[in-house]
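The data block below is data_20.pdb; it holds PDB, C-alpha atoms, pLDDT in the B column.
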ATOM      1  CA  MET A   1     104.977 103.204  90.011  1.00 43.00           C
ATOM      2  CA  ALA A   2     107.613 103.166  87.304  1.00 43.00           C
ATOM      3  CA  ASP A   3     111.097 101.968  88.235  1.00 50.00           C
ATOM      4  CA  PRO A   4     113.306 105.094  88.299  1.00 47.00           C
ATOM      5  CA  HIS A   5     116.246 103.043  86.999  1.00 49.00           C
ATOM      6  CA  PHE A   6     114.476 102.398  83.710  1.00 48.00           C
ATOM      7  CA  ARG A   7     114.312 105.202  81.203  1.00 46.00           C
ATOM      8  CA  ALA A   8     110.909 106.338  79.925  1.00 40.00           C
ATOM      9  CA  VAL A   9     111.564 105.578  76.250  1.00 42.00           C
ATOM     10  CA  ASP A  10     109.720 103.772  73.519  1.00 43.00           C
ATOM     11  CA  SER A  11     109.625  99.987  73.925  1.00 46.00           C
ATOM     12  CA  PRO A  12     112.702  98.395  72.324  1.00 50.00           C
ATOM     13  CA  LYS A  13     112.151  96.683  69.027  1.00 50.00           C
ATOM     14  CA  GLU A  14     112.411  92.928  69.426  1.00 52.00           C
ATOM     15  CA  GLY A  15     116.017  91.789  69.067  1.00 54.00           C
ATOM     16  CA  LYS A  16     117.401  95.229  68.217  1.00 85.00           C
ATOM     17  CA  LEU A  17     119.517  96.116  71.278  1.00 92.00           C
ATOM     18  CA  THR A  18     123.169  95.309  71.771  1.00 93.00           C
ATOM     19  CA  ILE A  19     124.272  94.580  75.315  1.00 93.00           C
ATOM     20  CA  GLU A  20     125.581  98.145  75.633  1.00 94.00           C
ATOM     21  CA  GLN A  21     122.218  99.530  74.469  1.00 93.00           C
ATOM     22  CA  LEU A  22     120.405  97.167  76.850  1.00 93.00           C
ATOM     23  CA  ALA A  23     122.531  98.500  79.707  1.00 93.00           C
ATOM     24  CA  GLN A  24     121.659 102.072  78.722  1.00 92.00           C
ATOM     25  CA  GLU A  25     117.967 101.184  78.352  1.00 91.00           C
ATOM     26  CA  THR A  26     117.745  99.594  81.807  1.00 91.00           C
ATOM     27  CA  GLY A  27     120.215 101.743  83.741  1.00 90.00           C
ATOM     28  CA  MET A  28     122.327  98.691  84.558  1.00 91.00           C
ATOM     29  CA  THR A  29     125.978  97.995  83.850  1.00 93.00           C
ATOM     30  CA  VAL A  30     127.115  95.613  81.147  1.00 94.00           C
ATOM     31  CA  ARG A  31     128.949  93.679  83.867  1.00 94.00           C
ATOM     32  CA  ASN A  32     125.741  93.154  85.869  1.00 93.00           C
ATOM     33  CA  ILE A  33     123.845  92.012  82.793  1.00 94.00           C
ATOM     34  CA  ARG A  34     126.574  89.471  81.958  1.00 93.00           C
ATOM     35  CA  ASN A  35     126.554  88.328  85.583  1.00 93.00           C
ATOM     36  CA  HIS A  36     122.792  87.724  85.365  1.00 93.00           C
ATOM     37  CA  GLN A  37     123.339  85.759  82.160  1.00 92.00           C
ATOM     38  CA  SER A  38     126.021  83.566  83.753  1.00 91.00           C
ATOM     39  CA  ARG A  39     123.640  82.775  86.634  1.00 90.00           C
ATOM     40  CA  GLY A  40     120.878  81.771  84.260  1.00 89.00           C
ATOM     41  CA  LEU A  41     118.693  84.742  85.191  1.00 91.00           C
ATOM     42  CA  LEU A  42     118.495  86.195  81.689  1.00 92.00           C
ATOM     43  CA  PRO A  43     117.540  84.412  78.460  1.00 90.00           C
ATOM     44  CA  PRO A  44     120.352  84.265  75.905  1.00 90.00           C
ATOM     45  CA  PRO A  45     120.438  86.922  73.208  1.00 92.00           C
ATOM     46  CA  ASP A  46     119.720  86.358  69.543  1.00 91.00           C
ATOM     47  CA  VAL A  47     123.190  86.033  68.008  1.00 90.00           C
ATOM     48  CA  ARG A  48     123.626  87.366  64.503  1.00 89.00           C
ATOM     49  CA  ALA A  49     127.059  87.763  62.889  1.00 88.00           C
ATOM     50  CA  ARG A  50     128.631  87.051  66.305  1.00 87.00           C
ATOM     51  CA  ILE A  51     126.743  89.946  67.938  1.00 89.00           C
ATOM     52  CA  GLY A  52     124.143  89.337  70.598  1.00 91.00           C
ATOM     53  CA  TYR A  53     120.884  91.261  70.276  1.00 93.00           C
ATOM     54  CA  TYR A  54     118.310  91.798  73.035  1.00 94.00           C
ATOM     55  CA  GLY A  55     114.689  92.843  73.032  1.00 92.00           C
ATOM     56  CA  ALA A  56     111.656  93.625  75.168  1.00 90.00           C
ATOM     57  CA  GLU A  57     111.764  90.193  76.840  1.00 89.00           C
ATOM     58  CA  HIS A  58     115.192  90.985  78.295  1.00 93.00           C
ATOM     59  CA  VAL A  59     114.145  94.467  79.432  1.00 92.00           C
ATOM     60  CA  ASP A  60     111.116  92.980  81.204  1.00 88.00           C
ATOM     61  CA  ARG A  61     113.226  90.258  82.837  1.00 90.00           C
ATOM     62  CA  LEU A  62     115.761  92.785  84.146  1.00 92.00           C
ATOM     63  CA  ARG A  63     112.900  94.892  85.498  1.00 89.00           C
ATOM     64  CA  LEU A  64     111.525  91.829  87.293  1.00 86.00           C
ATOM     65  CA  ILE A  65     114.935  90.946  88.751  1.00 90.00           C
ATOM     66  CA  ARG A  66     115.430  94.464  90.060  1.00 89.00           C
ATOM     67  CA  GLU A  67     111.944  94.466  91.589  1.00 85.00           C
ATOM     68  CA  MET A  68     112.572  91.137  93.308  1.00 84.00           C
ATOM     69  CA  GLN A  69     115.911  92.364  94.655  1.00 86.00           C
ATOM     70  CA  ALA A  70     114.157  95.445  96.038  1.00 84.00           C
ATOM     71  CA  ASP A  71     111.769  93.080  97.842  1.00 77.00           C
ATOM     72  CA  GLY A  72     114.699  91.342  99.540  1.00 78.00           C
ATOM     73  CA  PHE A  73     115.283  88.305  97.316  1.00 79.00           C
ATOM     74  CA  ASN A  74     118.890  87.337  96.681  1.00 86.00           C
ATOM     75  CA  LEU A  75     120.001  86.307  93.202  1.00 88.00           C
ATOM     76  CA  GLU A  76     119.925  82.582  93.992  1.00 86.00           C
ATOM     77  CA  ALA A  77     116.333  82.799  95.216  1.00 80.00           C
ATOM     78  CA  ILE A  78     115.419  84.786  92.120  1.00 84.00           C
ATOM     79  CA  ARG A  79     117.081  82.175  89.902  1.00 85.00           C
ATOM     80  CA  ARG A  80     115.099  79.404  91.605  1.00 80.00           C
ATOM     81  CA  LEU A  81     111.774  81.245  91.252  1.00 77.00           C
ATOM     82  CA  LEU A  82     112.482  82.002  87.611  1.00 82.00           C
ATOM     83  CA  SER A  83     113.508  78.419  86.853  1.00 80.00           C
ATOM     84  CA  GLU A  84     110.332  77.115  88.507  1.00 72.00           C
ATOM     85  CA  GLY A  85     108.274  79.531  86.429  1.00 72.00           C
ATOM     86  CA  VAL A  86     106.522  81.109  89.424  1.00 70.00           C
ATOM     87  CA  ALA A  87     108.210  84.519  89.549  1.00 72.00           C
ATOM     88  CA  ASP A  88     105.584  86.185  87.365  1.00 70.00           C
ATOM     89  CA  SER A  89     102.807  84.546  89.393  1.00 72.00           C
ATOM     90  CA  PHE A  90     104.471  85.670  92.613  1.00 71.00           C
ATOM     91  CA  PHE A  91     104.431  89.264  91.450  1.00 72.00           C
ATOM     92  CA  GLY A  92     100.897  88.852  90.214  1.00 74.00           C
ATOM     93  CA  LEU A  93     100.148  87.989  93.832  1.00 72.00           C
ATOM     94  CA  LYS A  94     102.024  91.048  95.045  1.00 73.00           C
ATOM     95  CA  ARG A  95     100.256  93.349  92.574  1.00 74.00           C
ATOM     96  CA  ALA A  96      96.859  91.954  93.590  1.00 77.00           C
ATOM     97  CA  ALA A  97      97.629  92.611  97.265  1.00 73.00           C
ATOM     98  CA  THR A  98      98.941  96.147  96.795  1.00 72.00           C
ATOM     99  CA  ALA A  99      96.746  97.442  93.964  1.00 73.00           C
ATOM    100  CA  PRO A 100      94.661 100.427  95.043  1.00 71.00           C
ATOM    101  CA  PHE A 101      90.889 100.460  94.926  1.00 71.00           C
ATOM    102  CA  GLU A 102      89.412 101.703  91.672  1.00 64.00           C
ATOM    103  CA  THR A 103      88.082 105.074  92.772  1.00 71.00           C
ATOM    104  CA  GLU A 104      87.379 108.347  91.036  1.00 81.00           C
ATOM    105  CA  PRO A 105      90.545 110.354  90.436  1.00 88.00           C
ATOM    106  CA  ALA A 106      91.609 113.048  92.868  1.00 90.00           C
ATOM    107  CA  GLU A 107      90.685 116.637  92.008  1.00 93.00           C
ATOM    108  CA  ILE A 108      92.614 119.853  92.457  1.00 95.00           C
ATOM    109  CA  ILE A 109      90.585 122.944  93.277  1.00 93.00           C
ATOM    110  CA  SER A 110      91.417 126.529  94.081  1.00 94.00           C
ATOM    111  CA  ALA A 111      91.034 128.138  97.484  1.00 89.00           C
ATOM    112  CA  GLU A 112      88.406 130.387  95.906  1.00 93.00           C
ATOM    113  CA  GLU A 113      86.302 127.409  94.797  1.00 93.00           C
ATOM    114  CA  LEU A 114      86.612 125.856  98.244  1.00 91.00           C
ATOM    115  CA  LEU A 115      85.404 129.117  99.805  1.00 91.00           C
ATOM    116  CA  GLU A 116      82.520 129.298  97.334  1.00 91.00           C
ATOM    117  CA  ARG A 117      81.394 125.762  98.134  1.00 91.00           C
ATOM    118  CA  PHE A 118      81.789 125.842 101.922  1.00 90.00           C
ATOM    119  CA  GLY A 119      81.922 129.511 102.892  1.00 89.00           C
ATOM    120  CA  GLU A 120      84.095 130.738 105.726  1.00 89.00           C
ATOM    121  CA  VAL A 121      85.298 127.763 107.754  1.00 88.00           C
ATOM    122  CA  HIS A 122      87.067 127.895 111.115  1.00 91.00           C
ATOM    123  CA  PRO A 123      90.816 127.097 110.783  1.00 91.00           C
ATOM    124  CA  LYS A 124      90.495 124.202 113.239  1.00 93.00           C
ATOM    125  CA  VAL A 125      87.850 122.598 111.022  1.00 92.00           C
ATOM    126  CA  VAL A 126      90.148 122.983 108.010  1.00 91.00           C
ATOM    127  CA  GLU A 127      92.984 121.389 110.006  1.00 93.00           C
ATOM    128  CA  LYS A 128      90.736 118.454 110.855  1.00 93.00           C
ATOM    129  CA  ALA A 129      89.782 117.998 107.199  1.00 92.00           C
ATOM    130  CA  GLU A 130      93.489 117.936 106.322  1.00 93.00           C
ATOM    131  CA  ARG A 131      94.259 115.484 109.141  1.00 92.00           C
ATOM    132  CA  LEU A 132      91.527 113.155 107.874  1.00 90.00           C
ATOM    133  CA  GLY A 133      92.990 113.344 104.368  1.00 89.00           C
ATOM    134  CA  LEU A 134      89.957 115.042 102.854  1.00 90.00           C
ATOM    135  CA  LEU A 135      92.069 118.024 101.811  1.00 94.00           C
ATOM    136  CA  VAL A 136      95.753 118.184 100.913  1.00 94.00           C
ATOM    137  CA  PRO A 137      97.167 121.726 100.643  1.00 93.00           C
ATOM    138  CA  LEU A 138      99.512 122.294  97.711  1.00 94.00           C
ATOM    139  CA  ALA A 139     102.461 124.656  97.486  1.00 90.00           C
ATOM    140  CA  ASP A 140     100.729 126.914  94.932  1.00 90.00           C
ATOM    141  CA  GLY A 141      97.794 127.622  97.258  1.00 89.00           C
ATOM    142  CA  ARG A 142      95.439 125.171  95.618  1.00 94.00           C
ATOM    143  CA  VAL A 143      94.030 122.098  97.359  1.00 94.00           C
ATOM    144  CA  GLU A 144      94.051 118.453  96.309  1.00 95.00           C
ATOM    145  CA  VAL A 145      90.895 116.483  97.083  1.00 94.00           C
ATOM    146  CA  PRO A 146      91.813 112.743  97.221  1.00 91.00           C
ATOM    147  CA  SER A 147      88.135 111.702  97.477  1.00 90.00           C
ATOM    148  CA  PRO A 148      85.821 114.107  95.633  1.00 92.00           C
ATOM    149  CA  ALA A 149      82.849 111.934  96.684  1.00 91.00           C
ATOM    150  CA  LEU A 150      83.571 112.572 100.365  1.00 90.00           C
ATOM    151  CA  LEU A 151      83.861 116.298  99.748  1.00 91.00           C
ATOM    152  CA  ARG A 152      80.546 116.301  97.868  1.00 92.00           C
ATOM    153  CA  ALA A 153      78.948 114.430 100.775  1.00 92.00           C
ATOM    154  CA  ALA A 154      80.274 117.041 103.217  1.00 90.00           C
ATOM    155  CA  GLU A 155      78.882 119.792 101.003  1.00 91.00           C
ATOM    156  CA  GLU A 156      75.493 118.059 100.859  1.00 93.00           C
ATOM    157  CA  VAL A 157      75.128 117.622 104.632  1.00 92.00           C
ATOM    158  CA  MET A 158      76.031 121.277 105.127  1.00 91.00           C
ATOM    159  CA  LYS A 159      73.168 122.225 102.811  1.00 91.00           C
ATOM    160  CA  ARG A 160      70.905 120.152 105.063  1.00 91.00           C
ATOM    161  CA  GLY A 161      71.898 122.237 108.073  1.00 92.00           C
ATOM    162  CA  VAL A 162      74.636 120.047 109.568  1.00 93.00           C
ATOM    163  CA  PRO A 163      77.762 122.007 110.616  1.00 92.00           C
ATOM    164  CA  LEU A 164      80.905 120.930 108.779  1.00 91.00           C
ATOM    165  CA  GLY A 165      82.742 120.271 112.046  1.00 92.00           C
ATOM    166  CA  ALA A 166      80.026 117.847 113.169  1.00 93.00           C
ATOM    167  CA  ALA A 167      80.099 116.076 109.806  1.00 92.00           C
ATOM    168  CA  LEU A 168      83.884 115.663 110.036  1.00 93.00           C
ATOM    169  CA  ALA A 169      83.525 114.181 113.516  1.00 93.00           C
ATOM    170  CA  VAL A 170      81.282 111.495 111.996  1.00 92.00           C
ATOM    171  CA  VAL A 171      83.797 110.896 109.180  1.00 91.00           C
ATOM    172  CA  GLU A 172      86.499 110.379 111.804  1.00 92.00           C
ATOM    173  CA  GLN A 173      84.316 107.873 113.638  1.00 93.00           C
ATOM    174  CA  VAL A 174      83.474 106.046 110.411  1.00 92.00           C
ATOM    175  CA  ARG A 175      87.171 105.831 109.571  1.00 90.00           C
ATOM    176  CA  ARG A 176      87.962 104.197 112.909  1.00 92.00           C
ATOM    177  CA  SER A 177      85.112 101.716 112.450  1.00 93.00           C
ATOM    178  CA  SER A 178      86.223 101.018 108.871  1.00 91.00           C
ATOM    179  CA  GLN A 179      89.753 100.215 110.032  1.00 91.00           C
ATOM    180  CA  SER A 180      88.343  97.638 112.436  1.00 93.00           C
ATOM    181  CA  VAL A 181      86.196  96.073 109.705  1.00 92.00           C
ATOM    182  CA  ALA A 182      89.096  96.039 107.220  1.00 91.00           C
ATOM    183  CA  ARG A 183      91.386  94.329 109.733  1.00 92.00           C
ATOM    184  CA  ALA A 184      88.723  91.678 110.356  1.00 93.00           C
ATOM    185  CA  PHE A 185      88.469  90.867 106.624  1.00 92.00           C
ATOM    186  CA  VAL A 186      92.259  90.815 106.163  1.00 90.00           C
ATOM    187  CA  LYS A 187      92.620  88.477 109.157  1.00 93.00           C
ATOM    188  CA  LEU A 188      89.919  86.249 107.689  1.00 92.00           C
ATOM    189  CA  PHE A 189      91.860  85.987 104.429  1.00 89.00           C
ATOM    190  CA  LEU A 190      95.227  85.420 106.138  1.00 88.00           C
ATOM    191  CA  ASP A 191      93.894  82.717 108.456  1.00 92.00           C
ATOM    192  CA  ASP A 192      91.769  80.813 105.950  1.00 92.00           C
ATOM    193  CA  VAL A 193      93.507  81.362 102.594  1.00 89.00           C
ATOM    194  CA  TRP A 194      97.081  82.576 102.894  1.00 85.00           C
ATOM    195  CA  LYS A 195      98.375  80.547 105.877  1.00 87.00           C
ATOM    196  CA  PRO A 196      97.057  77.198 104.558  1.00 89.00           C
ATOM    197  CA  PHE A 197      98.671  78.053 101.195  1.00 84.00           C
ATOM    198  CA  GLU A 198     102.017  78.721 102.915  1.00 78.00           C
ATOM    199  CA  GLU A 199     101.725  75.548 105.011  1.00 84.00           C
ATOM    200  CA  GLU A 200     101.320  73.565 101.790  1.00 84.00           C
ATOM    201  CA  GLY A 201     104.639  75.005 100.595  1.00 77.00           C
ATOM    202  CA  ALA A 202     103.095  77.676  98.353  1.00 74.00           C
ATOM    203  CA  PRO A 203     102.424  75.284  95.434  1.00 80.00           C
ATOM    204  CA  ALA A 204     102.659  77.047  92.093  1.00 74.00           C
ATOM    205  CA  GLU A 205      99.459  75.452  90.781  1.00 80.00           C
ATOM    206  CA  ARG A 206      97.452  77.146  93.547  1.00 84.00           C
ATOM    207  CA  LEU A 207      98.855  80.640  92.959  1.00 81.00           C
ATOM    208  CA  PRO A 208      96.148  81.689  90.449  1.00 84.00           C
ATOM    209  CA  GLU A 209      93.471  80.676  92.981  1.00 88.00           C
ATOM    210  CA  VAL A 210      95.155  82.683  95.758  1.00 87.00           C
ATOM    211  CA  ILE A 211      95.622  85.709  93.493  1.00 86.00           C
ATOM    212  CA  GLU A 212      91.929  85.615  92.547  1.00 89.00           C
ATOM    213  CA  SER A 213      91.021  85.418  96.248  1.00 89.00           C
ATOM    214  CA  ILE A 214      93.045  88.542  97.001  1.00 87.00           C
ATOM    215  CA  GLU A 215      91.578  90.401  94.029  1.00 86.00           C
ATOM    216  CA  ARG A 216      88.053  89.543  95.173  1.00 89.00           C
ATOM    217  CA  LEU A 217      88.715  90.275  98.868  1.00 89.00           C
ATOM    218  CA  ARG A 218      88.123  94.026  98.710  1.00 86.00           C
ATOM    219  CA  PRO A 219      85.033  94.005  96.448  1.00 89.00           C
ATOM    220  CA  ILE A 220      83.427  91.290  98.593  1.00 91.00           C
ATOM    221  CA  ALA A 221      84.290  93.169 101.793  1.00 91.00           C
ATOM    222  CA  SER A 222      82.745  96.329 100.317  1.00 90.00           C
ATOM    223  CA  GLN A 223      79.555  94.506  99.342  1.00 93.00           C
ATOM    224  CA  VAL A 224      79.197  92.918 102.783  1.00 94.00           C
ATOM    225  CA  LEU A 225      79.907  96.192 104.563  1.00 92.00           C
ATOM    226  CA  LEU A 226      77.364  98.094 102.459  1.00 92.00           C
ATOM    227  CA  ALA A 227      74.664  95.422 102.853  1.00 95.00           C
ATOM    228  CA  VAL A 228      75.096  95.205 106.620  1.00 94.00           C
ATOM    229  CA  PHE A 229      75.252  99.000 106.930  1.00 92.00           C
ATOM    230  CA  GLU A 230      72.028  99.437 104.958  1.00 94.00           C
ATOM    231  CA  GLN A 231      70.241  96.995 107.265  1.00 95.00           C
ATOM    232  CA  THR A 232      71.686  98.626 110.381  1.00 93.00           C
ATOM    233  CA  MET A 233      70.945 102.147 109.131  1.00 91.00           C
ATOM    234  CA  THR A 234      67.330 101.246 108.381  1.00 93.00           C
ATOM    235  CA  ALA A 235      66.859  99.812 111.868  1.00 93.00           C
ATOM    236  CA  GLU A 236      68.492 102.838 113.527  1.00 92.00           C
ATOM    237  CA  VAL A 237      66.423 105.349 111.533  1.00 90.00           C
ATOM    238  CA  GLU A 238      63.189 103.506 112.272  1.00 91.00           C
ATOM    239  CA  ASP A 239      64.019 103.267 115.982  1.00 90.00           C
ATOM    240  CA  ALA A 240      65.215 106.858 116.408  1.00 88.00           C
ATOM    241  CA  PHE A 241      62.488 108.561 114.401  1.00 87.00           C
ATOM    242  CA  GLY A 242      59.844 106.250 115.826  1.00 87.00           C
ATOM    243  CA  LYS A 243      60.764 107.498 119.280  1.00 87.00           C
ATOM    244  CA  GLU A 244      60.804 111.098 118.080  1.00 85.00           C
ATOM    245  CA  LEU A 245      57.342 110.756 116.523  1.00 84.00           C
ATOM    246  CA  GLU A 246      56.079 109.107 119.708  1.00 82.00           C
ATOM    247  CA  ARG A 247      57.404 111.998 121.810  1.00 84.00           C
ATOM    248  CA  ALA A 248      55.905 114.516 119.391  1.00 81.00           C
ATOM    249  CA  ALA A 249      52.525 112.780 119.624  1.00 77.00           C
ATOM    250  CA  LYS A 250      52.654 112.851 123.418  1.00 77.00           C
ATOM    251  CA  ARG A 251      53.556 116.567 123.424  1.00 78.00           C
ATOM    252  CA  SER A 252      50.670 117.243 121.074  1.00 73.00           C
ATOM    253  CA  GLU A 253      48.339 115.251 123.299  1.00 70.00           C
ATOM    254  CA  ARG A 254      49.420 117.154 126.421  1.00 70.00           C
ATOM    255  CA  GLY A 255      49.011 120.450 124.607  1.00 65.00           C
ATOM    256  CA  GLY A 256      45.509 119.461 123.561  1.00 61.00           C
ATOM    257  CA  LYS A 257      44.537 118.608 127.111  1.00 61.00           C
ATOM    258  CA  ARG A 258      45.794 121.966 128.418  1.00 63.00           C
ATOM    259  CA  GLY A 259      43.799 123.735 125.734  1.00 58.00           C
ATOM    260  CA  ARG A 260      40.495 122.197 126.825  1.00 58.00           C
TER     261      ARG A 260
END

Using structure tokens, write down the structure from this file.
Amino acid sequence: MADPHFRAVDSPKEGKLTIEQLAQETGMTVRNIRNHQSRGLLPPPDVRARIGYYGAEHVDRLRLIREMQADGFNLEAIRRLLSEGVADSFFGLKRAATAPFETEPAEIISAEELLERFGEVHPKVVEKAERLGLLVPLADGRVEVPSPALLRAAEEVMKRGVPLGAALAVVEQVRRSSQSVARAFVKLFLDDVWKPFEEEGAPAERLPEVIESIERLRPIASQVLLAVFEQTMTAEVEDAFGKELERAAKRSERGGKRGR
């Protein structure tokens, strides 16, 4: 998410901003910028004809300082992290931990399209879909669909004769189970990767390794979950339908005996 204090303008040309223009570009005061300079938080400007000029490097540094302040770091802590050269790595770690999954973009559909795809649906079922986050009503009467894949799956099971309410009940159950699985993987990472890293004093040379571990955590968890689910689903289908076929065979056998 873009910092609201920074104006959405073209990137500054390298070394072309005076301190007043830098203040306007970043939404900061000249006094604050000079204070950051005196603390060693900001690289010196390029001085030409006794005038200091700033560029993209300074804009990026001020953005980083503001972000770190928003995360609770005081200026002395920020100065130390910057001087040790780990501030960018630290925020690489933060971005890796908070980056969303790469999923298909949300869709916005009309109420008419929703009716066409699902027919008349009981209001309580619609409320449940909204509570589960499958549908988000918008002020103009349209509906946002955060996960089009889930909506398509709901549409498909309805075509197979499963009531939408029953399908949503399964989605709710899957969500609860998924939360439990996700917590287990996060705990695994915290216990075996993050806590040992902290106990070592968070050495800068290990940050890239920790960042890569976080970035790989979710894809690995997804792969494990899918592989285990496929095995479990196969076993459940074989067991359930094996019993059904056995019962059907017995009913057929009893019917044949009565017919003789």

Selection dump of the PyMOL selection byres ((chain A and resi 132) around 9), as a list in words: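 Here the PyMOL selection byres ((chain A and resi 132) around 9) matches Glu127, Lys128, Ala129, Glu130, Arg131, Gly133, Leu134, Leu135, Leu168, Val171, Glu172 and Arg175 of chain A.
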
Near-Leu42 in chain A list (9 Å; only C-alpha atoms; drop same-chain fewer than 3 positions) as a short mmCIF file (atom, residue, chain, number, x, y, z; two decimals) with C-alpha atoms, in the frame of the given file:
data_model
loop_
_atom_site.label_atom_id
_atom_site.label_comp_id
_atom_site.auth_asym_id
_atom_site.auth_seq_id
_atom_site.Cartn_x
_atom_site.Cartn_y
_atom_site.Cartn_z
CA ILE A 33 123.84 92.01 82.79
CA ARG A 34 126.57 89.47 81.96
CA HIS A 36 122.79 87.72 85.36
CA GLN A 37 123.34 85.76 82.16
CA SER A 38 126.02 83.57 83.75
CA ARG A 39 123.64 82.78 86.63
CA PRO A 45 120.44 86.92 73.21
CA HIS A 58 115.19 90.98 78.30
CA ARG A 61 113.23 90.26 82.84
CA LEU A 62 115.76 92.78 84.15
#

Matched chain/residue IDs from the PyMOL selection byres ((chain A and resi 25-30) around 8), as a VMD selection string: chain A and resid 5 to 7 19 to 24 31 to 34 59 62 to 63

Go ahead and write the residues just picked, C-alpha atoms, as a PDB file, in the frame of the given file.
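The resulting file, again15.pdb, is reproduced below:
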ATOM      1  CA  HIS A   5     116.246 103.043  86.999  1.00 49.00           C
ATOM      2  CA  PHE A   6     114.476 102.398  83.710  1.00 48.00           C
ATOM      3  CA  ARG A   7     114.312 105.202  81.203  1.00 46.00           C
ATOM      4  CA  ILE A  19     124.272  94.580  75.315  1.00 93.00           C
ATOM      5  CA  GLU A  20     125.581  98.145  75.633  1.00 94.00           C
ATOM      6  CA  GLN A  21     122.218  99.530  74.469  1.00 93.00           C
ATOM      7  CA  LEU A  22     120.405  97.167  76.850  1.00 93.00           C
ATOM      8  CA  ALA A  23     122.531  98.500  79.707  1.00 93.00           C
ATOM      9  CA  GLN A  24     121.659 102.072  78.722  1.00 92.00           C
ATOM     10  CA  ARG A  31     128.949  93.679  83.867  1.00 94.00           C
ATOM     11  CA  ASN A  32     125.741  93.154  85.869  1.00 93.00           C
ATOM     12  CA  ILE A  33     123.845  92.012  82.793  1.00 94.00           C
ATOM     13  CA  ARG A  34     126.574  89.471  81.958  1.00 93.00           C
ATOM     14  CA  VAL A  59     114.145  94.467  79.432  1.00 92.00           C
ATOM     15  CA  LEU A  62     115.761  92.785  84.146  1.00 92.00           C
ATOM     16  CA  ARG A  63     112.900  94.892  85.498  1.00 89.00           C
TER      17      ARG A  63
END

Length of the CA of Leu93 in chain A to CA of Ser213 in chain A vector [Å]: 9.8 Å

Gly141 in chain A surroundings by only C-alpha atoms, 12 Å radius, close-in-sequence under 4 positions cut, as a PDB file with C-alpha atoms, keeping the file's coordinate frame:
ATOM      1  CA  ILE A 108      92.614 119.853  92.457  1.00 95.00           C
ATOM      2  CA  ILE A 109      90.585 122.944  93.277  1.00 93.00           C
ATOM      3  CA  SER A 110      91.417 126.529  94.081  1.00 94.00           C
ATOM      4  CA  ALA A 111      91.034 128.138  97.484  1.00 89.00           C
ATOM      5  CA  GLU A 112      88.406 130.387  95.906  1.00 93.00           C
ATOM      6  CA  GLU A 113      86.302 127.409  94.797  1.00 93.00           C
ATOM      7  CA  LEU A 114      86.612 125.856  98.244  1.00 91.00           C
ATOM      8  CA  VAL A 136      95.753 118.184 100.913  1.00 94.00           C
ATOM      9  CA  PRO A 137      97.167 121.726 100.643  1.00 93.00           C
TER      10      PRO A 137
END

d(CA of Gly85 in chain A, CA of Arg66 in chain A) in Å: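 That distance, rounded to one decimal, is 17.0 Å.
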
Residue neighbourhood Pro219 in chain A, 12 Å, all atoms listed in the file, exclusion window fewer than 5 positions, as number ranges by chain: A: 100-102, 182, 185, 212-214, 224-226

Computed interatomic separation between CA of Ile78 in chain A and CA of Leu64 in chain A (Å):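 Taking CA of Ile78 in chain A and CA of Leu64 in chain A, their separation equals 9.4 Å.
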
Counting all atoms listed in the file, the option among A:Val145, A:Leu41, A:Ala56, A:Leu164 closest to Ala77 in chain A: A:Leu41

Residues selected by the PyMOL selection byres ((chain A and resi 192-198) around 12), written as a ChimeraX atom specification: /A:93,97,185-191,199-214,217

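Each of A:Ala96, A:Leu245, A:Leu75, A:Val86 was checked against Asn35 in chain A using all atoms listed in the file; the smallest atom-to-atom distance is that of A:Leu75.
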